[in-house]
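**Q** Below is structure.cif; it holds mmCIF, C-alpha atoms and all ligand atoms.
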```
data_work
#
loop_
_atom_site.label_atom_id
_atom_site.label_comp_id
_atom_site.auth_asym_id
_atom_site.auth_seq_id
_atom_site.Cartn_x
_atom_site.Cartn_y
_atom_site.Cartn_z
CA MET A 14 -36.44 19.43 31.60
CA LYS A 15 -34.78 21.94 29.32
CA GLN A 16 -34.92 25.54 30.53
CA ALA A 17 -36.45 28.28 28.42
CA GLY A 18 -35.88 32.03 28.30
CA THR A 19 -32.86 34.28 28.27
CA LEU A 20 -29.57 32.88 29.59
CA LEU A 21 -27.23 35.73 28.64
CA ASP A 22 -28.03 39.32 27.76
CA LEU A 23 -25.41 41.89 26.79
CA VAL A 24 -26.73 45.44 26.99
CA ASP A 25 -24.61 48.28 25.56
CA VAL A 26 -21.42 46.61 26.72
CA GLU A 27 -18.35 48.80 26.66
CA ILE A 28 -14.83 47.40 27.14
CA GLY A 29 -11.76 49.54 27.68
CA ILE A 30 -8.12 49.40 28.60
CA PRO A 31 -7.54 51.93 31.39
CA HIS A 32 -4.22 53.76 31.30
CA PRO A 33 -2.74 55.52 34.33
CA ARG A 34 -1.76 58.67 32.40
CA ARG A 35 -3.80 58.67 29.19
CA ASP A 36 -7.56 58.33 28.60
CA THR A 37 -9.03 54.82 28.66
CA LEU A 38 -8.66 53.16 25.27
CA VAL A 39 -12.16 51.96 24.34
CA ILE A 40 -12.07 48.77 22.24
CA VAL A 41 -15.75 47.75 22.36
CA ARG A 42 -18.70 50.13 22.62
CA LYS A 43 -22.34 49.10 22.06
CA ALA A 44 -22.04 45.33 22.04
CA ASN A 45 -25.63 44.08 22.24
CA PHE A 46 -27.06 40.59 21.91
CA SER A 47 -28.74 37.86 23.91
CA VAL A 48 -28.51 34.07 24.06
CA ASN A 49 -31.45 31.90 25.14
CA TYR A 50 -31.05 28.60 26.99
CA GLY A 51 -30.02 25.97 24.43
CA GLU A 52 -29.64 28.50 21.62
CA MET A 53 -26.74 28.54 19.17
CA VAL A 54 -25.60 32.09 18.41
CA GLY A 55 -22.91 32.98 15.88
CA ILE A 56 -20.78 36.13 16.06
CA VAL A 57 -19.10 37.32 12.87
CA GLY A 58 -17.04 40.36 11.94
CA GLU A 59 -13.66 41.31 10.55
CA SER A 60 -10.47 40.84 12.50
CA GLY A 61 -10.28 43.36 15.34
CA SER A 62 -14.05 43.94 15.54
CA GLY A 63 -14.08 42.85 19.19
CA LYS A 64 -15.44 39.29 19.03
CA THR A 65 -12.84 37.77 21.36
CA MET A 66 -12.92 40.68 23.81
CA VAL A 67 -16.70 40.29 24.13
CA CYS A 68 -16.19 36.58 24.85
CA ARG A 69 -13.58 37.46 27.45
CA ALA A 70 -16.16 39.73 29.11
CA ILE A 71 -18.52 36.74 29.32
CA ILE A 72 -15.86 34.36 30.67
CA GLY A 73 -14.27 36.97 32.94
CA THR A 74 -10.73 36.97 31.54
CA LEU A 75 -10.48 40.57 30.32
CA LYS A 76 -8.07 41.49 33.09
CA ARG A 77 -5.49 39.09 31.64
CA ARG A 78 -5.38 41.50 28.66
CA GLY A 79 -5.36 44.60 30.89
CA ALA A 80 -8.97 45.34 29.90
CA GLU A 81 -12.27 45.60 31.77
CA VAL A 82 -15.98 46.19 31.22
CA ILE A 83 -16.41 49.95 31.67
CA GLY A 84 -20.09 50.27 30.74
CA GLY A 85 -23.31 48.37 30.11
CA GLN A 86 -24.35 44.99 31.49
CA VAL A 87 -23.37 41.37 30.93
CA ASN A 88 -26.43 39.70 32.45
CA PHE A 89 -26.13 35.94 32.98
CA GLU A 90 -29.00 34.18 34.73
CA GLY A 91 -30.00 37.40 36.43
CA GLN A 92 -26.59 38.59 37.64
CA ASP A 93 -24.43 41.23 35.98
CA LEU A 94 -21.08 39.53 35.35
CA SER A 95 -19.36 42.91 35.03
CA LYS A 96 -19.97 43.50 38.73
CA ILE A 97 -19.18 40.15 40.35
CA SER A 98 -16.16 39.35 42.52
CA GLU A 99 -13.28 37.08 41.51
CA SER A 100 -14.52 34.43 43.95
CA THR A 101 -17.94 34.38 42.22
CA TRP A 102 -16.11 34.13 38.87
CA LYS A 103 -14.37 31.01 40.13
CA SER A 104 -17.74 29.28 40.47
CA LEU A 105 -18.74 30.26 36.92
CA ARG A 106 -15.66 30.34 34.69
CA GLY A 107 -14.88 26.93 33.20
CA LYS A 108 -17.87 25.52 35.09
CA VAL A 109 -21.23 27.03 34.22
CA ILE A 110 -19.60 28.76 31.25
CA GLY A 111 -17.19 26.67 29.17
CA TYR A 112 -14.65 28.19 26.80
CA VAL A 113 -12.74 26.86 23.84
CA PRO A 114 -10.26 29.69 23.24
CA GLN A 115 -9.25 31.05 19.83
CA SER A 116 -5.83 29.38 19.98
CA ALA A 117 -7.32 26.03 21.00
CA LEU A 118 -5.49 24.10 18.30
CA ALA A 119 -2.27 24.92 20.12
CA GLY A 120 -4.26 24.71 23.34
CA PRO A 121 -4.02 21.26 24.89
CA ASN A 122 -1.10 21.24 27.32
CA PRO A 123 1.73 19.67 25.25
CA VAL A 124 3.33 17.89 28.22
CA LEU A 125 0.19 16.18 29.53
CA THR A 126 -1.49 13.09 28.11
CA ILE A 127 -5.11 13.48 27.06
CA GLU A 128 -6.08 11.38 30.09
CA LYS A 129 -4.36 13.83 32.45
CA GLN A 130 -5.94 16.86 30.74
CA LEU A 131 -9.41 15.39 31.02
CA ALA A 132 -8.76 14.39 34.63
CA GLU A 133 -7.85 18.03 35.40
CA ALA A 134 -11.01 19.24 33.67
CA LEU A 135 -13.12 16.76 35.64
CA GLU A 136 -11.53 17.67 38.98
CA ASN A 137 -14.13 18.84 41.52
CA THR A 138 -17.08 17.87 39.31
CA ASP A 139 -19.83 15.48 40.34
CA GLY A 140 -20.88 12.51 38.26
CA LYS A 141 -21.31 8.78 38.19
CA GLY A 142 -18.25 6.58 37.74
CA SER A 143 -14.51 7.03 38.09
CA ILE A 144 -12.63 9.93 36.50
CA LYS A 145 -11.32 7.49 33.86
CA GLU A 146 -14.81 6.26 33.00
CA ARG A 147 -16.07 9.82 32.77
CA SER A 148 -13.07 10.81 30.62
CA LYS A 149 -13.99 8.02 28.23
CA GLU A 150 -17.60 9.21 28.17
CA LEU A 151 -16.43 12.71 27.28
CA LEU A 152 -14.26 11.44 24.42
CA ASP A 153 -17.19 9.37 23.21
CA LEU A 154 -19.42 12.45 23.39
CA VAL A 155 -17.07 14.35 21.06
CA LYS A 156 -16.98 11.31 18.72
CA ILE A 157 -13.39 10.29 19.28
CA ARG A 158 -12.67 6.68 18.30
CA ARG A 159 -9.93 4.37 19.72
CA ILE A 160 -10.55 6.01 23.07
CA ASP A 161 -8.08 3.88 25.09
CA THR A 162 -5.24 4.75 22.70
CA VAL A 163 -6.12 8.45 22.60
CA LEU A 164 -6.19 8.67 26.41
CA ARG A 165 -2.52 7.60 26.48
CA GLN A 166 -1.46 10.04 23.75
CA TYR A 167 0.01 13.54 23.88
CA PRO A 168 -1.52 16.41 21.87
CA TYR A 169 1.30 16.35 19.25
CA GLN A 170 0.24 12.80 18.36
CA LEU A 171 -3.27 13.95 17.41
CA SER A 172 -4.53 15.65 14.26
CA GLY A 173 -5.85 19.24 14.46
CA GLY A 174 -9.45 18.04 14.37
CA MET A 175 -8.82 15.56 17.19
CA ARG A 176 -7.10 18.24 19.31
CA GLN A 177 -10.10 20.50 18.80
CA ARG A 178 -12.43 17.67 19.89
CA VAL A 179 -10.33 17.14 23.02
CA MET A 180 -10.57 20.88 23.84
CA ILE A 181 -14.34 20.74 23.38
CA ALA A 182 -14.47 17.63 25.62
CA CYS A 183 -12.50 19.49 28.34
CA ALA A 184 -14.87 22.47 28.09
CA LEU A 185 -17.87 20.14 28.44
CA ALA A 186 -16.48 18.32 31.50
CA THR A 187 -18.44 20.53 33.90
CA SER A 188 -21.71 20.34 31.89
CA PRO A 189 -21.76 24.10 31.25
CA LYS A 190 -24.99 25.92 30.44
CA LEU A 191 -23.08 28.03 27.91
CA LEU A 192 -20.18 26.95 25.71
CA ILE A 193 -18.16 29.63 23.90
CA ALA A 194 -16.14 28.40 20.92
CA ASP A 195 -13.87 31.11 19.52
CA GLU A 196 -13.11 30.28 15.88
CA PRO A 197 -13.06 26.52 16.51
CA THR A 198 -12.48 25.62 12.87
CA THR A 199 -9.73 28.07 11.91
CA GLY A 200 -6.72 26.17 10.58
CA LEU A 201 -8.67 22.99 9.91
CA ASP A 202 -9.41 21.64 6.45
CA VAL A 203 -12.93 21.97 5.06
CA THR A 204 -14.00 18.38 5.81
CA VAL A 205 -12.84 18.57 9.42
CA GLN A 206 -14.45 22.02 9.77
CA SER A 207 -17.84 20.60 8.85
CA GLN A 208 -17.34 17.66 11.24
CA ILE A 209 -16.65 20.07 14.12
CA MET A 210 -19.75 22.07 13.18
CA GLU A 211 -21.84 18.88 13.18
CA LEU A 212 -20.40 18.04 16.59
CA LEU A 213 -21.38 21.43 18.04
CA LYS A 214 -24.88 21.04 16.64
CA GLU A 215 -25.19 17.59 18.22
CA ILE A 216 -23.90 18.84 21.58
CA ARG A 217 -26.51 21.56 21.53
CA LYS A 218 -29.24 19.06 20.64
CA GLU A 219 -28.23 16.25 23.01
CA LEU A 220 -27.13 18.25 26.05
CA GLY A 221 -29.19 21.41 25.55
CA THR A 222 -26.02 23.52 25.92
CA ALA A 223 -26.28 27.08 24.62
CA ILE A 224 -23.38 27.82 22.27
CA ILE A 225 -21.70 31.02 21.13
CA LEU A 226 -19.77 30.32 17.95
CA ILE A 227 -17.26 32.91 16.74
CA SER A 228 -16.34 32.77 13.09
CA HIS A 229 -15.32 34.86 10.11
CA ASP A 230 -17.65 32.81 7.95
CA LEU A 231 -21.02 34.53 7.69
CA ALA A 232 -22.57 31.84 5.48
CA LEU A 233 -21.52 29.03 7.82
CA VAL A 234 -22.80 30.81 10.90
CA ASP A 235 -26.08 31.67 9.20
CA ASP A 236 -26.41 28.03 8.23
CA VAL A 237 -25.74 26.37 11.62
CA CYS A 238 -26.84 28.99 14.19
CA ASP A 239 -30.27 30.10 15.41
CA LYS A 240 -29.13 33.69 15.56
CA VAL A 241 -26.35 35.73 13.94
CA VAL A 242 -24.65 38.73 15.54
CA VAL A 243 -22.56 40.95 13.26
CA MET A 244 -19.86 43.13 14.79
CA HIS A 245 -17.94 46.00 13.23
CA ALA A 246 -15.38 48.22 15.00
CA GLY A 247 -16.44 47.23 18.50
CA ALA A 248 -20.20 47.51 17.97
CA THR A 249 -23.02 45.10 17.17
CA VAL A 250 -24.36 46.35 13.84
CA GLU A 251 -26.91 43.64 13.03
CA VAL A 252 -28.69 40.77 14.80
CA GLY A 253 -30.96 38.36 12.98
CA GLY A 254 -32.50 34.90 13.11
CA THR A 255 -31.63 31.84 11.04
CA GLY A 256 -31.38 32.50 7.35
CA SER A 257 -31.90 36.23 7.75
CA MET A 258 -28.36 37.07 6.70
CA ALA A 259 -29.21 36.01 3.17
CA LYS A 260 -31.10 39.33 3.17
CA PRO A 261 -29.08 41.57 5.48
CA LYS A 262 -30.22 45.10 6.27
CA HIS A 263 -26.97 46.69 7.42
CA PRO A 264 -24.55 47.93 4.72
CA TYR A 265 -21.63 46.24 6.48
CA THR A 266 -23.36 42.84 6.51
CA ILE A 267 -24.34 43.36 2.87
CA ALA A 268 -20.66 44.02 2.07
CA LEU A 269 -19.55 40.98 4.12
CA ASN A 270 -22.05 38.85 2.22
CA SER A 271 -20.89 40.11 -1.18
CA SER A 272 -17.21 39.53 -0.38
CA ARG A 273 -17.64 35.79 0.21
CA ILE A 274 -15.25 33.74 -1.90
CA ASP A 275 -17.86 31.00 -2.42
CA ILE A 276 -20.20 33.31 -4.30
CA ALA A 277 -17.49 34.87 -6.48
CA LYS A 278 -17.88 33.96 -10.14
CA PRO A 279 -15.10 31.71 -11.48
CA GLY A 280 -12.53 34.01 -13.13
CA GLY A 281 -14.46 37.07 -11.94
CA GLU A 282 -13.20 39.81 -9.68
CA LEU A 283 -13.33 39.10 -5.95
CA ILE A 284 -15.41 41.79 -4.26
CA THR A 285 -13.76 43.24 -1.17
CA ILE A 286 -15.10 45.68 1.43
CA ALA A 287 -13.85 49.20 0.72
CA GLY A 288 -11.28 50.60 3.15
CA ASN A 289 -10.45 49.26 6.58
CA PRO A 290 -12.35 49.35 9.85
CA PRO A 291 -11.27 52.33 11.97
CA SER A 292 -8.57 51.37 14.48
CA VAL A 293 -9.38 51.43 18.18
CA GLY A 294 -8.69 54.91 19.54
CA GLU A 295 -9.48 56.43 16.13
CA TRP A 296 -13.24 56.05 15.92
CA MET A 297 -14.90 58.99 14.20
CA ALA A 298 -18.12 60.72 15.26
CA GLY A 299 -21.35 59.04 14.19
CA CYS A 300 -21.47 55.68 12.44
CA ARG A 301 -18.13 53.82 12.53
CA PHE A 302 -18.88 52.32 9.12
CA ALA A 303 -19.48 55.71 7.46
CA LEU A 304 -16.11 55.97 5.68
CA ARG A 305 -16.74 52.60 4.01
CA CYS A 306 -20.45 52.89 3.37
CA SER A 307 -21.96 53.48 -0.06
CA TYR A 308 -25.38 54.31 1.47
CA LYS A 309 -24.17 57.05 3.82
CA GLU A 310 -25.90 60.41 4.13
CA ALA A 311 -24.94 63.66 5.84
CA ASP A 312 -26.44 62.70 9.20
CA CYS A 313 -24.40 59.47 9.39
CA ALA A 314 -21.17 61.17 10.46
CA VAL A 315 -22.48 63.15 13.43
CA GLY A 316 -23.31 62.33 17.05
CA GLU A 317 -23.16 58.83 18.50
CA HIS A 318 -22.79 55.52 16.67
CA PRO A 319 -26.38 54.46 15.76
CA PRO A 320 -28.18 52.24 18.29
CA LEU A 321 -29.72 48.93 17.23
CA PHE A 322 -33.16 49.65 15.76
CA GLY A 323 -35.87 47.00 15.81
CA GLU A 324 -37.38 44.84 18.49
CA ARG A 325 -34.99 42.99 20.81
CA GLY A 326 -35.30 39.32 19.92
CA GLY A 327 -36.24 40.18 16.32
CA HIS A 328 -34.13 41.46 13.43
CA GLN A 329 -32.16 44.52 14.55
CA THR A 330 -29.95 46.89 12.57
CA ALA A 331 -27.71 49.74 13.72
CA CYS A 332 -28.19 51.87 10.62
CA LEU A 333 -29.97 55.21 10.28
CA HIS A 334 -31.03 54.43 6.71
CA ALA A 335 -31.77 50.70 6.72
CA ASP A 336 -35.31 51.46 5.45
CA LYS A 337 -33.83 52.64 2.15
CA ILE A 338 -31.77 49.49 1.58
N1 LIG B 1 -4.28 44.61 25.25
C1 LIG B 1 -4.69 45.33 24.21
N2 LIG B 1 -4.20 46.57 23.97
C2 LIG B 1 -4.67 47.31 22.95
N3 LIG B 1 -5.61 46.90 22.09
C3 LIG B 1 -6.11 45.67 22.25
C4 LIG B 1 -5.69 44.82 23.32
N4 LIG B 1 -6.39 43.66 23.23
C5 LIG B 1 -7.21 43.79 22.16
N5 LIG B 1 -7.02 44.99 21.58
C6 LIG B 1 -7.74 45.50 20.40
O1 LIG B 1 -9.11 45.28 20.60
C7 LIG B 1 -9.74 45.06 19.35
C8 LIG B 1 -10.62 43.86 19.43
O2 LIG B 1 -9.80 42.69 19.54
P1 LIG B 1 -10.40 41.22 19.45
O3 LIG B 1 -9.30 40.29 19.77
O4 LIG B 1 -11.63 41.14 20.28
O5 LIG B 1 -10.80 41.13 17.92
P2 LIG B 1 -11.46 39.90 17.13
O6 LIG B 1 -12.73 40.40 16.53
O7 LIG B 1 -11.53 38.71 18.00
O8 LIG B 1 -10.40 39.67 15.96
P3 LIG B 1 -9.90 38.29 15.28
O9 LIG B 1 -10.97 37.92 14.29
O10 LIG B 1 -8.63 38.67 14.61
O11 LIG B 1 -9.70 37.27 16.35
C9 LIG B 1 -8.61 44.93 18.31
O12 LIG B 1 -8.55 46.12 17.58
C10 LIG B 1 -7.40 44.71 19.14
O13 LIG B 1 -6.27 45.25 18.49
S1 LIG B 2 -25.78 54.76 9.51
FE1 LIG B 2 -25.19 55.69 7.53
S2 LIG B 2 -23.00 55.24 7.33
FE2 LIG B 2 -23.79 53.89 8.90
S3 LIG B 2 -24.29 52.03 7.84
FE3 LIG B 2 -26.17 53.24 7.89
S4 LIG B 2 -26.16 54.39 5.99
FE4 LIG B 2 -24.08 53.61 6.28
MG MG B 3 -10.65 36.89 18.05
#
```
Starting from the file, lay out its structure as structure tokens.

**A**
Amino acid sequence: MKQAGTLLDLVDVEIGIPHPRRDTLVIVRKANFSVNYGEMVGIVGESGSGKTMVCRAIIGTLKRRGAEVIGGQVNFEGQDLSKISESTWKSLRGKVIGYVPQSALAGPNPVLTIEKQLAEALENTDGKGSIKERSKELLDLVKIRRIDTVLRQYPYQLSGGMRQRVMIACALATSPKLLIADEPTTGLDVTVQSQIMELLKEIRKELGTAIILISHDLALVDDVCDKVVVMHAGATVEVGGTGSMAKPKHPYTIALNSSRIDIAKPGGELITIAGNPPSVGEWMAGCRFALRCSYKEADCAVGEHPPLFGERGGHQTACLHADKI
């Protein structure tokens, strides 16, 4: 029976890079969102907004980048992942939580055949049948054809879309409750992108796996996900349900929406978002979007970055003046 309720809940998560002589460099502050069992949640935001670092906090690999969770909670099935030991991580990472990293296209080990990679992923897992039979089942699950041939091949012999399917198959080997796919379609052509999206949707439907999908494509995420999380300069600025990003309430999401190439008029000017996001270590007082915001008022540039207003689980916006938009 499929489980219901909250699987993952990030509450005011703060990620920093401690430095022995200087102050901690804060790269994420006020990351807030939740994922229900079996839910597909998309995270969008410009480059550098903190999407990958938030994923690393959920998969427990921040230390590999010299970073750590320095505030808030990363609650997963009732335990705060920011406080667990490395030995507890070993029972979760790549097992209960699967990860397809951002560089996955280059990801499969180039010197191992697909059969060997799947065998490694299936090591120490339970299931019916031999490792080879289960490897074949996994390739079938991710809709790979000519399975016997593919098992003997090396990653360089596969197309980008096939390599991405193999990475997804490896991440699914342990039947995770949560699968994180960090920009799984970057670098793939449009047709293959939509096939990978279809695959993720089917995995969610057939296996009941909750999925976090990171993307730069707001329209795509709003189309395929149950919930959209928008990040800007290390903070969650808007969270909304399916279709809600067609009518965003945060000025940053509005700007992201207007700058989409697919809605630009042929021959017309491409709308871009004014300015750049503030660099980490250079966040100003108040709202971190203030320097780029055409709705800003005097109170926007003082105090803390605005919290998310609205009911958790409903549409939430981190803007002091969303009611006027
Ligand atoms: N080891 C590090 N030292 C200093 N800054 C870092 C380090 N790792 C990440 N950052 C900074 O943290 C911020 C968030 O990075 P992150 O990789 O999460 O962004 P992202 O939203 O995934 O971007 P992209 O869309 O380009 O993948 C960036 O500004 C990045 O420069
Ligand atoms: S809080 Fe102010 S500056 Fe920030 S998004 Fe809202 S209106 Fe713009
Ligand atoms: Mg990233």

**Q** I want to know what sits within 9 Å of stretch 325-330 of chain A, based on all atoms listed in the file, with residues of the same chain fewer than 5 positions away left out; could you give that as a ChimeraX atom specification?

**A** /A:46-47,249-254,257,261-263,319-320,335

**Q** So that I can see what lies close to stretch 191-195 of chain A, please list as a PDB file with C-alpha atoms, in the frame of the given file the residues with an atom at most 10 Å from it, counting all atoms listed in the file and leaving out residues fewer than 5 positions away in the same chain.

**A**
```
ATOM      1  CA  LEU A  20     -29.570  32.880  29.590  1.00  0.00           C
ATOM      2  CA  LEU A  21     -27.230  35.730  28.640  1.00  0.00           C
ATOM      3  CA  VAL A  48     -28.510  34.070  24.060  1.00  0.00           C
ATOM      4  CA  ASN A  49     -31.450  31.900  25.140  1.00  0.00           C
ATOM      5  CA  TYR A  50     -31.050  28.600  26.990  1.00  0.00           C
ATOM      6  CA  GLY A  51     -30.020  25.970  24.430  1.00  0.00           C
ATOM      7  CA  GLU A  52     -29.640  28.500  21.620  1.00  0.00           C
ATOM      8  CA  MET A  53     -26.740  28.540  19.170  1.00  0.00           C
ATOM      9  CA  VAL A  54     -25.600  32.090  18.410  1.00  0.00           C
ATOM     10  CA  GLY A  55     -22.910  32.980  15.880  1.00  0.00           C
ATOM     11  CA  ILE A  56     -20.780  36.130  16.060  1.00  0.00           C
ATOM     12  CA  LYS A  64     -15.440  39.290  19.030  1.00  0.00           C
ATOM     13  CA  THR A  65     -12.840  37.770  21.360  1.00  0.00           C
ATOM     14  CA  CYS A  68     -16.190  36.580  24.850  1.00  0.00           C
ATOM     15  CA  ARG A  69     -13.580  37.460  27.450  1.00  0.00           C
ATOM     16  CA  ILE A  71     -18.520  36.740  29.320  1.00  0.00           C
ATOM     17  CA  ILE A  72     -15.860  34.360  30.670  1.00  0.00           C
ATOM     18  CA  PHE A  89     -26.130  35.940  32.980  1.00  0.00           C
ATOM     19  CA  GLY A 107     -14.880  26.930  33.200  1.00  0.00           C
ATOM     20  CA  LYS A 108     -17.870  25.520  35.090  1.00  0.00           C
ATOM     21  CA  VAL A 109     -21.230  27.030  34.220  1.00  0.00           C
ATOM     22  CA  ILE A 110     -19.600  28.760  31.250  1.00  0.00           C
ATOM     23  CA  GLY A 111     -17.190  26.670  29.170  1.00  0.00           C
ATOM     24  CA  TYR A 112     -14.650  28.190  26.800  1.00  0.00           C
ATOM     25  CA  VAL A 113     -12.740  26.860  23.840  1.00  0.00           C
ATOM     26  CA  PRO A 114     -10.260  29.690  23.240  1.00  0.00           C
ATOM     27  CA  GLN A 115      -9.250  31.050  19.830  1.00  0.00           C
ATOM     28  CA  SER A 116      -5.830  29.380  19.980  1.00  0.00           C
ATOM     29  CA  ALA A 117      -7.320  26.030  21.000  1.00  0.00           C
ATOM     30  CA  MET A 180     -10.570  20.880  23.840  1.00  0.00           C
ATOM     31  CA  ILE A 181     -14.340  20.740  23.380  1.00  0.00           C
ATOM     32  CA  ALA A 184     -14.870  22.470  28.090  1.00  0.00           C
ATOM     33  CA  LEU A 185     -17.870  20.140  28.440  1.00  0.00           C
ATOM     34  CA  LEU A 213     -21.380  21.430  18.040  1.00  0.00           C
ATOM     35  CA  ILE A 216     -23.900  18.840  21.580  1.00  0.00           C
ATOM     36  CA  ARG A 217     -26.510  21.560  21.530  1.00  0.00           C
ATOM     37  CA  GLY A 221     -29.190  21.410  25.550  1.00  0.00           C
ATOM     38  CA  THR A 222     -26.020  23.520  25.920  1.00  0.00           C
ATOM     39  CA  ALA A 223     -26.280  27.080  24.620  1.00  0.00           C
ATOM     40  CA  ILE A 224     -23.380  27.820  22.270  1.00  0.00           C
ATOM     41  CA  ILE A 225     -21.700  31.020  21.130  1.00  0.00           C
ATOM     42  CA  LEU A 226     -19.770  30.320  17.950  1.00  0.00           C
ATOM     43  CA  ILE A 227     -17.260  32.910  16.740  1.00  0.00           C
ATOM     44  CA  SER A 228     -16.340  32.770  13.090  1.00  0.00           C
TER      45      SER A 228
END
```

**Q** Please find the residues contacting ligand LIG 2 (chain B) at a distance of at most 12 Å between atoms, with only C-alpha atoms and all ligand atoms counted, and report them as a PyMOL selection string.

**A** chain A and resi 245-246+248-251+261-268+297-322+330-338

**Q** For C-alpha atoms, I'd like the residues from the last selection saved as a PDB file, keeping the file's coordinate frame.

**A**
```
ATOM      1  CA  HIS A 245     -17.940  46.000  13.230  1.00  0.00           C
ATOM      2  CA  ALA A 246     -15.380  48.220  15.000  1.00  0.00           C
ATOM      3  CA  ALA A 248     -20.200  47.510  17.970  1.00  0.00           C
ATOM      4  CA  THR A 249     -23.020  45.100  17.170  1.00  0.00           C
ATOM      5  CA  VAL A 250     -24.360  46.350  13.840  1.00  0.00           C
ATOM      6  CA  GLU A 251     -26.910  43.640  13.030  1.00  0.00           C
ATOM      7  CA  PRO A 261     -29.080  41.570   5.480  1.00  0.00           C
ATOM      8  CA  LYS A 262     -30.220  45.100   6.270  1.00  0.00           C
ATOM      9  CA  HIS A 263     -26.970  46.690   7.420  1.00  0.00           C
ATOM     10  CA  PRO A 264     -24.550  47.930   4.720  1.00  0.00           C
ATOM     11  CA  TYR A 265     -21.630  46.240   6.480  1.00  0.00           C
ATOM     12  CA  THR A 266     -23.360  42.840   6.510  1.00  0.00           C
ATOM     13  CA  ILE A 267     -24.340  43.360   2.870  1.00  0.00           C
ATOM     14  CA  ALA A 268     -20.660  44.020   2.070  1.00  0.00           C
ATOM     15  CA  MET A 297     -14.900  58.990  14.200  1.00  0.00           C
ATOM     16  CA  ALA A 298     -18.120  60.720  15.260  1.00  0.00           C
ATOM     17  CA  GLY A 299     -21.350  59.040  14.190  1.00  0.00           C
ATOM     18  CA  CYS A 300     -21.470  55.680  12.440  1.00  0.00           C
ATOM     19  CA  ARG A 301     -18.130  53.820  12.530  1.00  0.00           C
ATOM     20  CA  PHE A 302     -18.880  52.320   9.120  1.00  0.00           C
ATOM     21  CA  ALA A 303     -19.480  55.710   7.460  1.00  0.00           C
ATOM     22  CA  LEU A 304     -16.110  55.970   5.680  1.00  0.00           C
ATOM     23  CA  ARG A 305     -16.740  52.600   4.010  1.00  0.00           C
ATOM     24  CA  CYS A 306     -20.450  52.890   3.370  1.00  0.00           C
ATOM     25  CA  SER A 307     -21.960  53.480  -0.060  1.00  0.00           C
ATOM     26  CA  TYR A 308     -25.380  54.310   1.470  1.00  0.00           C
ATOM     27  CA  LYS A 309     -24.170  57.050   3.820  1.00  0.00           C
ATOM     28  CA  GLU A 310     -25.900  60.410   4.130  1.00  0.00           C
ATOM     29  CA  ALA A 311     -24.940  63.660   5.840  1.00  0.00           C
ATOM     30  CA  ASP A 312     -26.440  62.700   9.200  1.00  0.00           C
ATOM     31  CA  CYS A 313     -24.400  59.470   9.390  1.00  0.00           C
ATOM     32  CA  ALA A 314     -21.170  61.170  10.460  1.00  0.00           C
ATOM     33  CA  VAL A 315     -22.480  63.150  13.430  1.00  0.00           C
ATOM     34  CA  GLY A 316     -23.310  62.330  17.050  1.00  0.00           C
ATOM     35  CA  GLU A 317     -23.160  58.830  18.500  1.00  0.00           C
ATOM     36  CA  HIS A 318     -22.790  55.520  16.670  1.00  0.00           C
ATOM     37  CA  PRO A 319     -26.380  54.460  15.760  1.00  0.00           C
ATOM     38  CA  PRO A 320     -28.180  52.240  18.290  1.00  0.00           C
ATOM     39  CA  LEU A 321     -29.720  48.930  17.230  1.00  0.00           C
ATOM     40  CA  PHE A 322     -33.160  49.650  15.760  1.00  0.00           C
ATOM     41  CA  THR A 330     -29.950  46.890  12.570  1.00  0.00           C
ATOM     42  CA  ALA A 331     -27.710  49.740  13.720  1.00  0.00           C
ATOM     43  CA  CYS A 332     -28.190  51.870  10.620  1.00  0.00           C
ATOM     44  CA  LEU A 333     -29.970  55.210  10.280  1.00  0.00           C
ATOM     45  CA  HIS A 334     -31.030  54.430   6.710  1.00  0.00           C
ATOM     46  CA  ALA A 335     -31.770  50.700   6.720  1.00  0.00           C
ATOM     47  CA  ASP A 336     -35.310  51.460   5.450  1.00  0.00           C
ATOM     48  CA  LYS A 337     -33.830  52.640   2.150  1.00  0.00           C
ATOM     49  CA  ILE A 338     -31.770  49.490   1.580  1.00  0.00           C
TER      50      ILE A 338
END
```

**Q** Taking all atoms listed in the file into account, report as a ChimeraX atom specification which residues have an atom no farther than 7 Å from an atom of ligand LIG 1 (chain B).

**A** /A:30,40,58-67,78-80,229,247,292-293

**Q** Next, dump the selected residues to file, keeping only C-alpha atoms, as a PDB file, in the coordinates of the input.

**A**
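Final file, part_0.pdb:
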```pdb
ATOM      1  CA  ILE A  30      -8.120  49.400  28.600  1.00  0.00           C
ATOM      2  CA  ILE A  40     -12.070  48.770  22.240  1.00  0.00           C
ATOM      3  CA  GLY A  58     -17.040  40.360  11.940  1.00  0.00           C
ATOM      4  CA  GLU A  59     -13.660  41.310  10.550  1.00  0.00           C
ATOM      5  CA  SER A  60     -10.470  40.840  12.500  1.00  0.00           C
ATOM      6  CA  GLY A  61     -10.280  43.360  15.340  1.00  0.00           C
ATOM      7  CA  SER A  62     -14.050  43.940  15.540  1.00  0.00           C
ATOM      8  CA  GLY A  63     -14.080  42.850  19.190  1.00  0.00           C
ATOM      9  CA  LYS A  64     -15.440  39.290  19.030  1.00  0.00           C
ATOM     10  CA  THR A  65     -12.840  37.770  21.360  1.00  0.00           C
ATOM     11  CA  MET A  66     -12.920  40.680  23.810  1.00  0.00           C
ATOM     12  CA  VAL A  67     -16.700  40.290  24.130  1.00  0.00           C
ATOM     13  CA  ARG A  78      -5.380  41.500  28.660  1.00  0.00           C
ATOM     14  CA  GLY A  79      -5.360  44.600  30.890  1.00  0.00           C
ATOM     15  CA  ALA A  80      -8.970  45.340  29.900  1.00  0.00           C
ATOM     16  CA  HIS A 229     -15.320  34.860  10.110  1.00  0.00           C
ATOM     17  CA  GLY A 247     -16.440  47.230  18.500  1.00  0.00           C
ATOM     18  CA  SER A 292      -8.570  51.370  14.480  1.00  0.00           C
ATOM     19  CA  VAL A 293      -9.380  51.430  18.180  1.00  0.00           C
TER      20      VAL A 293
END
```
